[in-house]
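File shown: upload_23.cif (mmCIF, C-alpha atoms).
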```
data_data
loop_
_atom_site.label_atom_id
_atom_site.label_comp_id
_atom_site.auth_asym_id
_atom_site.auth_seq_id
_atom_site.Cartn_x
_atom_site.Cartn_y
_atom_site.Cartn_z
CA CYS A 12 -6.90 5.88 -19.18
CA LYS A 13 -3.22 5.60 -20.09
CA ASP A 14 -1.96 4.62 -16.65
CA LYS A 15 -0.02 1.64 -18.06
CA LYS A 16 1.23 3.35 -21.22
CA TRP A 17 4.34 5.50 -21.53
CA LYS A 18 7.34 5.96 -23.75
CA LYS A 19 10.24 3.74 -22.77
CA PRO A 20 12.82 5.86 -20.89
CA ASP A 21 16.38 6.17 -22.12
CA ASP A 22 18.72 3.36 -21.11
CA PRO A 23 20.44 4.30 -17.81
CA SER A 24 23.73 3.01 -19.21
CA ASP A 25 23.74 6.05 -21.49
CA PHE A 26 24.26 8.18 -18.40
CA SER A 27 26.90 6.06 -16.68
CA ALA A 28 29.12 9.08 -16.10
CA ALA A 29 26.44 10.55 -13.85
CA PHE A 30 26.71 7.52 -11.55
CA ALA A 31 30.40 7.94 -10.83
CA PRO A 32 31.44 7.76 -7.15
CA GLY A 33 30.85 11.05 -5.36
CA LYS A 34 28.17 12.15 -7.81
CA THR A 35 25.28 10.13 -6.46
CA LYS A 36 22.97 10.10 -3.46
CA LYS A 37 21.46 6.91 -2.09
CA LYS A 38 18.20 5.95 -0.45
CA THR A 39 16.99 2.52 0.58
CA PHE A 40 13.44 1.57 -0.47
CA VAL A 41 11.73 -1.38 1.19
CA PHE A 42 8.44 -2.20 -0.53
CA VAL A 43 5.78 -4.13 1.37
CA ARG A 44 3.07 -5.39 -0.93
CA HIS A 45 -0.40 -5.09 0.58
CA GLY A 46 -2.35 -8.09 1.83
CA GLU A 47 -5.05 -9.61 -0.36
CA SER A 48 -7.99 -7.29 -0.99
CA THR A 49 -11.72 -7.80 -1.32
CA TRP A 50 -11.29 -7.21 -5.07
CA ASN A 51 -8.74 -10.05 -5.20
CA ASP A 52 -11.13 -12.25 -3.23
CA VAL A 53 -13.82 -11.85 -5.90
CA PHE A 54 -11.86 -11.72 -9.14
CA ASN A 55 -8.56 -13.55 -8.53
CA LYS A 56 -8.09 -17.28 -7.98
CA GLY A 57 -5.27 -16.74 -5.49
CA GLN A 58 -4.34 -19.91 -3.59
CA ARG A 59 -7.71 -21.57 -4.21
CA PRO A 60 -7.92 -24.63 -6.50
CA LEU A 61 -9.29 -23.64 -9.90
CA GLY A 62 -12.45 -25.72 -9.41
CA THR A 63 -13.19 -24.08 -6.07
CA PHE A 64 -12.71 -20.62 -7.57
CA VAL A 65 -14.94 -21.33 -10.59
CA LEU A 66 -17.74 -22.92 -8.55
CA GLY A 67 -17.62 -20.18 -5.95
CA TYR A 68 -17.31 -17.23 -8.33
CA LEU A 69 -21.01 -16.44 -8.80
CA PRO A 70 -21.98 -16.88 -5.12
CA THR A 71 -19.00 -14.73 -4.06
CA MET A 72 -19.90 -12.07 -6.60
CA ALA A 73 -23.55 -12.08 -5.51
CA LYS A 74 -22.58 -11.74 -1.84
CA SER A 75 -20.17 -8.90 -2.62
CA LEU A 76 -22.74 -7.03 -4.71
CA ALA A 77 -25.25 -7.37 -1.88
CA HIS A 78 -22.70 -5.89 0.54
CA GLU A 79 -21.98 -3.10 -1.94
CA ALA A 80 -25.67 -2.29 -2.28
CA TYR A 81 -26.07 -2.21 1.50
CA LEU A 82 -23.13 0.19 1.92
CA PHE A 83 -24.55 2.43 -0.81
CA PHE A 84 -28.07 2.61 0.61
CA VAL A 85 -26.96 3.31 4.19
CA GLY A 86 -24.67 6.06 2.91
CA ALA A 87 -21.49 4.52 4.28
CA PRO A 88 -18.26 5.96 2.79
CA ASP A 89 -17.04 2.44 2.08
CA SER A 90 -16.83 -0.09 -0.73
CA LEU A 91 -15.59 -3.59 -1.46
CA PHE A 92 -14.67 -2.68 -5.05
CA TYR A 93 -13.77 1.01 -5.15
CA ASP A 94 -10.43 1.41 -3.33
CA SER A 95 -10.95 -2.16 -2.17
CA PRO A 96 -9.78 -2.77 1.42
CA LEU A 97 -8.09 -5.79 2.92
CA SER A 98 -10.13 -8.97 2.83
CA ILE A 99 -10.31 -11.38 5.77
CA GLU A 100 -7.48 -13.37 4.17
CA GLY A 101 -5.51 -10.17 3.63
CA MET A 102 -5.79 -9.25 7.30
CA GLU A 103 -4.60 -12.74 8.26
CA GLN A 104 -1.56 -12.26 5.99
CA VAL A 105 -0.83 -8.90 7.59
CA ALA A 106 -1.18 -10.43 11.06
CA ARG A 107 1.51 -12.98 10.15
CA LEU A 108 3.86 -10.20 9.06
CA LYS A 109 3.13 -8.35 12.30
CA LYS A 110 4.06 -11.48 14.26
CA PHE A 111 7.26 -11.91 12.22
CA LEU A 112 8.31 -8.34 13.00
CA SER A 113 7.47 -8.64 16.69
CA VAL A 114 10.88 -10.12 17.51
CA PRO A 115 14.41 -9.42 16.20
CA ALA A 116 15.80 -11.77 13.56
CA ALA A 117 17.44 -14.83 15.08
CA ALA A 118 20.15 -15.08 12.43
CA GLY A 119 22.76 -12.43 11.75
CA GLY A 120 23.82 -10.91 8.45
CA ARG A 121 21.75 -8.99 5.96
CA GLU A 122 18.43 -10.47 7.09
CA ALA A 123 18.96 -9.27 10.65
CA GLU A 124 19.91 -5.81 9.40
CA LEU A 125 16.77 -5.61 7.28
CA VAL A 126 14.50 -6.78 10.10
CA ALA A 127 16.11 -4.24 12.45
CA LEU A 128 15.43 -1.53 9.87
CA LEU A 129 11.80 -2.58 9.51
CA ARG A 130 11.35 -2.73 13.28
CA GLY A 131 13.03 0.64 13.79
CA ASP A 132 15.44 -0.84 16.31
CA GLU A 133 18.11 1.24 17.99
CA GLY A 134 21.25 1.37 15.85
CA ALA A 135 19.39 0.65 12.60
CA PRO A 136 19.46 3.25 9.80
CA SER A 137 16.84 5.96 10.16
CA SER A 138 13.61 5.16 8.35
CA VAL A 139 10.11 6.48 7.71
CA LEU A 140 6.86 4.59 7.14
CA MET A 141 5.00 5.50 3.95
CA SER A 142 2.05 4.20 1.97
CA SER A 143 0.06 4.54 -1.20
CA ASN A 144 -3.22 6.41 -0.79
CA LEU A 145 -5.18 3.17 -1.27
CA ARG A 146 -6.68 1.68 1.88
CA ARG A 147 -5.33 -1.86 1.51
CA ALA A 148 -1.78 -0.50 1.48
CA ILE A 149 -2.41 1.90 4.38
CA SER A 150 -3.94 -0.89 6.47
CA THR A 151 -1.10 -3.28 5.68
CA VAL A 152 1.46 -0.83 7.07
CA ALA A 153 -0.83 0.20 9.94
CA CYS A 154 -1.16 -3.34 11.24
CA ALA A 155 2.10 -5.00 10.23
CA PHE A 156 4.08 -2.18 11.83
CA SER A 157 1.69 -1.51 14.73
CA ASP A 158 4.24 -2.63 17.34
CA ARG A 159 6.79 -0.21 15.91
CA ILE A 160 4.18 2.55 15.78
CA ALA A 161 3.20 1.93 19.43
CA ARG A 162 6.84 1.83 20.55
CA ARG A 163 8.14 4.82 18.60
CA GLY A 164 5.04 6.89 17.89
CA ASP A 165 5.75 6.83 14.15
CA LYS A 166 3.40 8.46 11.68
CA MET A 167 2.81 6.91 8.28
CA ILE A 168 3.05 9.40 5.39
CA ILE A 169 0.45 8.91 2.63
CA HIS A 170 1.75 9.80 -0.82
CA HIS A 171 -0.45 9.95 -3.92
CA ASP A 172 2.40 9.14 -6.32
CA LEU A 173 2.51 5.61 -4.86
CA GLN A 174 -1.01 4.90 -6.16
CA GLU A 175 -1.26 1.61 -8.04
CA ILE A 176 -0.66 1.46 -11.79
CA SER A 177 -3.97 0.09 -12.99
CA ARG A 178 -7.16 0.93 -14.89
CA ASN A 179 -9.40 -0.95 -12.44
CA ILE A 180 -11.72 0.85 -10.02
CA ASP A 181 -10.10 -0.88 -7.06
CA ALA A 182 -7.04 1.29 -7.79
CA LEU A 183 -8.99 4.54 -7.35
CA SER A 184 -8.66 6.21 -3.96
CA ILE A 185 -11.77 6.77 -1.85
CA THR A 186 -9.92 9.28 0.37
CA PRO A 187 -10.23 12.96 -0.66
CA PRO A 188 -7.05 15.05 -0.87
CA ARG A 189 -5.51 15.86 2.52
CA LEU A 190 -8.51 14.53 4.43
CA PRO A 191 -8.23 11.68 6.97
CA ALA A 192 -8.25 8.15 5.63
CA VAL A 193 -10.88 5.88 7.20
CA ALA A 194 -10.59 2.16 7.92
CA SER A 195 -13.10 -0.12 6.19
CA TYR A 196 -15.94 -1.74 8.12
CA LEU A 197 -14.12 -5.08 7.86
CA GLU A 198 -11.03 -3.59 9.51
CA VAL A 199 -13.05 -1.80 12.19
CA ALA A 200 -14.49 -5.18 13.20
CA SER A 201 -11.08 -6.89 13.22
CA ASP A 202 -9.15 -7.60 16.43
CA ILE A 203 -5.71 -8.13 14.87
CA CYS A 204 -4.86 -4.49 15.63
CA ASN A 205 -6.58 -1.21 16.41
CA PHE A 206 -7.00 0.07 12.86
CA VAL A 207 -9.22 2.97 13.93
CA GLU A 208 -6.72 4.38 16.43
CA ILE A 209 -3.79 4.08 14.03
CA TYR A 210 -5.75 5.72 11.21
CA GLU A 211 -6.77 8.58 13.51
CA LYS A 212 -3.46 9.21 15.29
CA HIS A 213 -0.65 7.83 13.16
CA VAL A 214 -1.49 8.62 9.53
CA ASP A 215 -0.21 11.85 7.95
CA VAL A 216 -2.25 12.91 4.90
CA SER A 217 -0.83 16.42 4.61
CA ILE A 218 0.83 15.80 1.22
CA ASN A 219 -1.73 13.39 -0.22
CA ALA A 220 -3.10 15.09 -3.34
CA GLY A 221 -5.79 12.45 -3.85
CA ASN A 222 -6.53 10.40 -6.93
CA LYS A 223 -4.17 10.21 -9.86
CA SER A 224 -5.06 12.72 -12.55
CA MET A 225 -6.31 11.78 -16.02
CA ASP A 226 -2.99 12.81 -17.60
CA SER A 227 -0.94 10.79 -15.12
CA ASN A 228 0.70 7.44 -15.74
CA GLY A 229 2.85 5.02 -13.81
CA LEU A 230 6.17 6.38 -15.05
CA LYS A 231 5.27 9.96 -14.13
CA ARG A 232 4.32 8.92 -10.61
CA MET A 233 7.39 6.74 -10.11
CA SER A 234 9.66 9.57 -11.28
CA ALA A 235 7.89 12.14 -9.09
CA PHE A 236 8.12 9.89 -6.04
CA ASN A 237 11.81 9.25 -6.61
CA ASP A 238 12.36 13.01 -6.63
CA TYR A 239 10.36 13.33 -3.40
CA ALA A 240 12.28 10.50 -1.72
CA PHE A 241 15.50 12.49 -1.84
CA THR A 242 13.92 15.38 0.04
CA VAL A 243 13.25 13.34 3.20
CA GLU A 244 15.83 13.18 5.96
CA GLU A 245 15.60 9.47 6.70
CA GLU A 246 18.00 7.04 5.05
CA ALA A 247 15.33 4.47 4.24
CA LEU A 248 11.69 4.53 3.14
CA ILE A 249 9.46 1.62 4.14
CA ILE A 250 6.59 1.70 1.67
CA GLY A 251 3.24 -0.01 1.68
CA GLY A 252 2.42 -0.44 -1.98
CA HIS A 253 1.33 -2.60 -4.87
CA SER A 254 2.59 -5.36 -7.11
CA LEU A 255 2.31 -3.07 -10.12
CA TRP A 256 4.19 0.14 -9.38
#
```
Represent the structure of the file as C-alpha cells.
Amino acid sequence: CKDKKWKKPDDPSDFSAAFAPGKTKKKTFVFVRHGESTWNDVFNKGQRPLGTFVLGYLPTMAKSLAHEAYLFFVGAPDSLFYDSPLSIEGMEQVARLKKFLSVPAAAGGREAELVALLRGDEGAPSSVLMSSNLRRAISTVACAFSDRIARRGDKMIIHHDLQEISRNIDALSITPPRLPAVASYLEVASDICNFVEIYEKHVDVSINAGNKSMDSNGLKRMSAFNDYAFTVEEEALIIGGHSLW
C-alpha cells in the first residue's frame, strides 16, 4: 500500500500569479479530529503513564481480542480493530466538545465567530457538516454537533476522499459504498447522544464510494476533495476527520 507515498507537489509559490486578487475562490475548512478510538486504546499510550500502558498492554489486548472473536462468531457487522469506533474515552471527549458547543462563546472576536459557525447560529456563514467514511469520525460529528443537528435538521455528508492516510486496518472502512453507516455496539449502548437515530436520519452516504482504492494515496484524495469542496454551495465545510490527512 502506497497511501503515505507520493511525489512532492510543485511549490505553490511557482504559481503566485494564479493567486492574484479576483482570480481565486475561497472556502473555509474546519477540521474536527475524531475522539480516541478502540485501536488507540489498545496500541497507543495516550495520556496514560508509560508504566500503566506497558503493564496493561497484554490484558487490554487479550480483552479486545476476546471481544473481536465474540463479534465475529455472532456475525455482528462490527469490530474494535477494523474501522475502529470511538472508545469509551473517545466518547467522553466528544461529550465535552458537545457541551462546549451547547452555548455561544462568551468572548467576542474570532473565537466567537468560529463557535457561531460551528453551532450554525443565525448570521454565521453558511456551513455543511461532513465526515470521513470511518466510523470514529462519523460518530464524533454525530454527537459533538447533535444539538445543531436537532435544531437545524442538518445532514452530515460522508465523503470517501476524507479517509485517513494510513496503512493500518483501523483506517479501512467497514461501510459499503452508498449503504447506511451503522453505529458500533459501544455507541449504541452510550447515553451521551442518540447515535442510532442520527446515523439513521442525519447521515447522507449518497456520494460515499467506499474504501480507498489500491492505487489511491493521501495526496490524490486531498486533491480530489479540494476539487469537490468548491462545488458545494456553503461557504464553510465542518469536517470530521483524522490527524493524518
If we count only C-alpha atoms and set the cut-off at 10 Å, which residues sit around Ala194 of chain A, ignoring sequence neighbours fewer than 6 positions away in its own chain? Please answer as an MDAnalysis selection string.
chainID A and resid 88:89 96:97 146:147 149:150 200 205:211
For this structure, which residues satisfy the selection - the PyMOL selection byres ((chain A and resi 224-235) around 12) - when it is evaluated on the file as given? I want them as number ranges by chain.
A: 12-20, 143, 170-178, 183-184, 220-223, 236-242, 252-253, 255-256
Can those selected residues be exported to a file as a CSV table (one decimal), in the coordinates of the input so that it contains C-alpha atoms?
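Saved file again-v4.csv follows:
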```
chain,number,residue,atom,x,y,z
A,12,CYS,CA,-6.9,5.9,-19.2
A,13,LYS,CA,-3.2,5.6,-20.1
A,14,ASP,CA,-2.0,4.6,-16.6
A,15,LYS,CA,0.0,1.6,-18.1
A,16,LYS,CA,1.2,3.4,-21.2
A,17,TRP,CA,4.3,5.5,-21.5
A,18,LYS,CA,7.3,6.0,-23.8
A,19,LYS,CA,10.2,3.7,-22.8
A,20,PRO,CA,12.8,5.9,-20.9
A,143,SER,CA,0.1,4.5,-1.2
A,170,HIS,CA,1.8,9.8,-0.8
A,171,HIS,CA,-0.4,10.0,-3.9
A,172,ASP,CA,2.4,9.1,-6.3
A,173,LEU,CA,2.5,5.6,-4.9
A,174,GLN,CA,-1.0,4.9,-6.2
A,175,GLU,CA,-1.3,1.6,-8.0
A,176,ILE,CA,-0.7,1.5,-11.8
A,177,SER,CA,-4.0,0.1,-13.0
A,178,ARG,CA,-7.2,0.9,-14.9
A,183,LEU,CA,-9.0,4.5,-7.4
A,184,SER,CA,-8.7,6.2,-4.0
A,220,ALA,CA,-3.1,15.1,-3.3
A,221,GLY,CA,-5.8,12.4,-3.8
A,222,ASN,CA,-6.5,10.4,-6.9
A,223,LYS,CA,-4.2,10.2,-9.9
A,236,PHE,CA,8.1,9.9,-6.0
A,237,ASN,CA,11.8,9.2,-6.6
A,238,ASP,CA,12.4,13.0,-6.6
A,239,TYR,CA,10.4,13.3,-3.4
A,240,ALA,CA,12.3,10.5,-1.7
A,241,PHE,CA,15.5,12.5,-1.8
A,242,THR,CA,13.9,15.4,0.0
A,252,GLY,CA,2.4,-0.4,-2.0
A,253,HIS,CA,1.3,-2.6,-4.9
A,255,LEU,CA,2.3,-3.1,-10.1
A,256,TRP,CA,4.2,0.1,-9.4
```
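Atom CA of Pro187 of chain A lies 26.9 Å from atom CA of Glu244 of chain A.
The gap separating atom CA of Phe92 of chain A from atom CA of Tyr68 of chain A is 15.1 Å, in Å to one decimal.
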Enumerate, as a PyMOL selection string, the residues matched when the PyMOL selection byres ((chain A and resi 189) around 12) is run on the file above.
chain A and resi 144+168-171+185-188+190-192+214-222
Evaluate the PyMOL selection byres ((chain A and resi 107) around 12) on the structure here and hand back the selected residues as a PDB file with C-alpha atoms, keeping the file's coordinate frame.
```pdb
ATOM      1  CA  GLY A  46      -2.350  -8.090   1.830  1.00  0.00           C
ATOM      2  CA  GLU A 100      -7.480 -13.370   4.170  1.00  0.00           C
ATOM      3  CA  GLY A 101      -5.510 -10.170   3.630  1.00  0.00           C
ATOM      4  CA  MET A 102      -5.790  -9.250   7.300  1.00  0.00           C
ATOM      5  CA  GLU A 103      -4.600 -12.740   8.260  1.00  0.00           C
ATOM      6  CA  GLN A 104      -1.560 -12.260   5.990  1.00  0.00           C
ATOM      7  CA  VAL A 105      -0.830  -8.900   7.590  1.00  0.00           C
ATOM      8  CA  ALA A 106      -1.180 -10.430  11.060  1.00  0.00           C
ATOM      9  CA  LEU A 108       3.860 -10.200   9.060  1.00  0.00           C
ATOM     10  CA  LYS A 109       3.130  -8.350  12.300  1.00  0.00           C
ATOM     11  CA  LYS A 110       4.060 -11.480  14.260  1.00  0.00           C
ATOM     12  CA  PHE A 111       7.260 -11.910  12.220  1.00  0.00           C
ATOM     13  CA  LEU A 112       8.310  -8.340  13.000  1.00  0.00           C
ATOM     14  CA  SER A 113       7.470  -8.640  16.690  1.00  0.00           C
ATOM     15  CA  THR A 151      -1.100  -3.280   5.680  1.00  0.00           C
ATOM     16  CA  CYS A 154      -1.160  -3.340  11.240  1.00  0.00           C
ATOM     17  CA  ALA A 155       2.100  -5.000  10.230  1.00  0.00           C
ATOM     18  CA  PHE A 156       4.080  -2.180  11.830  1.00  0.00           C
ATOM     19  CA  ILE A 203      -5.710  -8.130  14.870  1.00  0.00           C
ATOM     20  CA  CYS A 204      -4.860  -4.490  15.630  1.00  0.00           C
TER      21      CYS A 204
END
```
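Pairwise distance (atom CA of Arg44 of chain A, atom CA of Lys56 of chain A) equals 17.8 Å.
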For Arg159 of chain A: contacts at 12 Å, all atoms listed in the file, fewer than 5 positions along chain excluded, given as a list in words
Lys109, Lys110, Leu112, Ser113, Val114, Pro115, Val126, Ala127, Leu128, Leu129, Arg130, Gly131, Asp132, Glu133, Ser138, Val139, Leu140, Val152, Ala153, Cys154, Gly164, Asp165, Lys166, Met167, Ile209 and His213 of chain A
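Minimum atom-to-atom distance to Val193 of chain A, evaluated using all atoms listed in the file, belongs to A:Asp94 out of A:Leu248, A:Ile99, A:Asp94, A:Leu69.
Here the question is which of A:Thr39, A:Asn55, A:Ser75, A:Ser90 gets nearest to Ser195 of chain A using all atoms listed in the file, and that residue is A:Ser90.
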Point (6.1, -5.1, -1.1), cut-off 9 Å, counting only C-alpha atoms, residues as a VMD selection string
chain A and resid 41 to 45 250 to 254
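Shortest atom-to-atom contact with Thr49 of chain A among A:Ala73, A:Leu61, A:Asp181, A:Lys36: A:Asp181, counting only C-alpha atoms.
If only C-alpha atoms are the atoms counted, then among A:Ile180, A:Gly120, A:Asp21, A:Tyr196 the closest residue to Leu82 of chain A is A:Tyr196.
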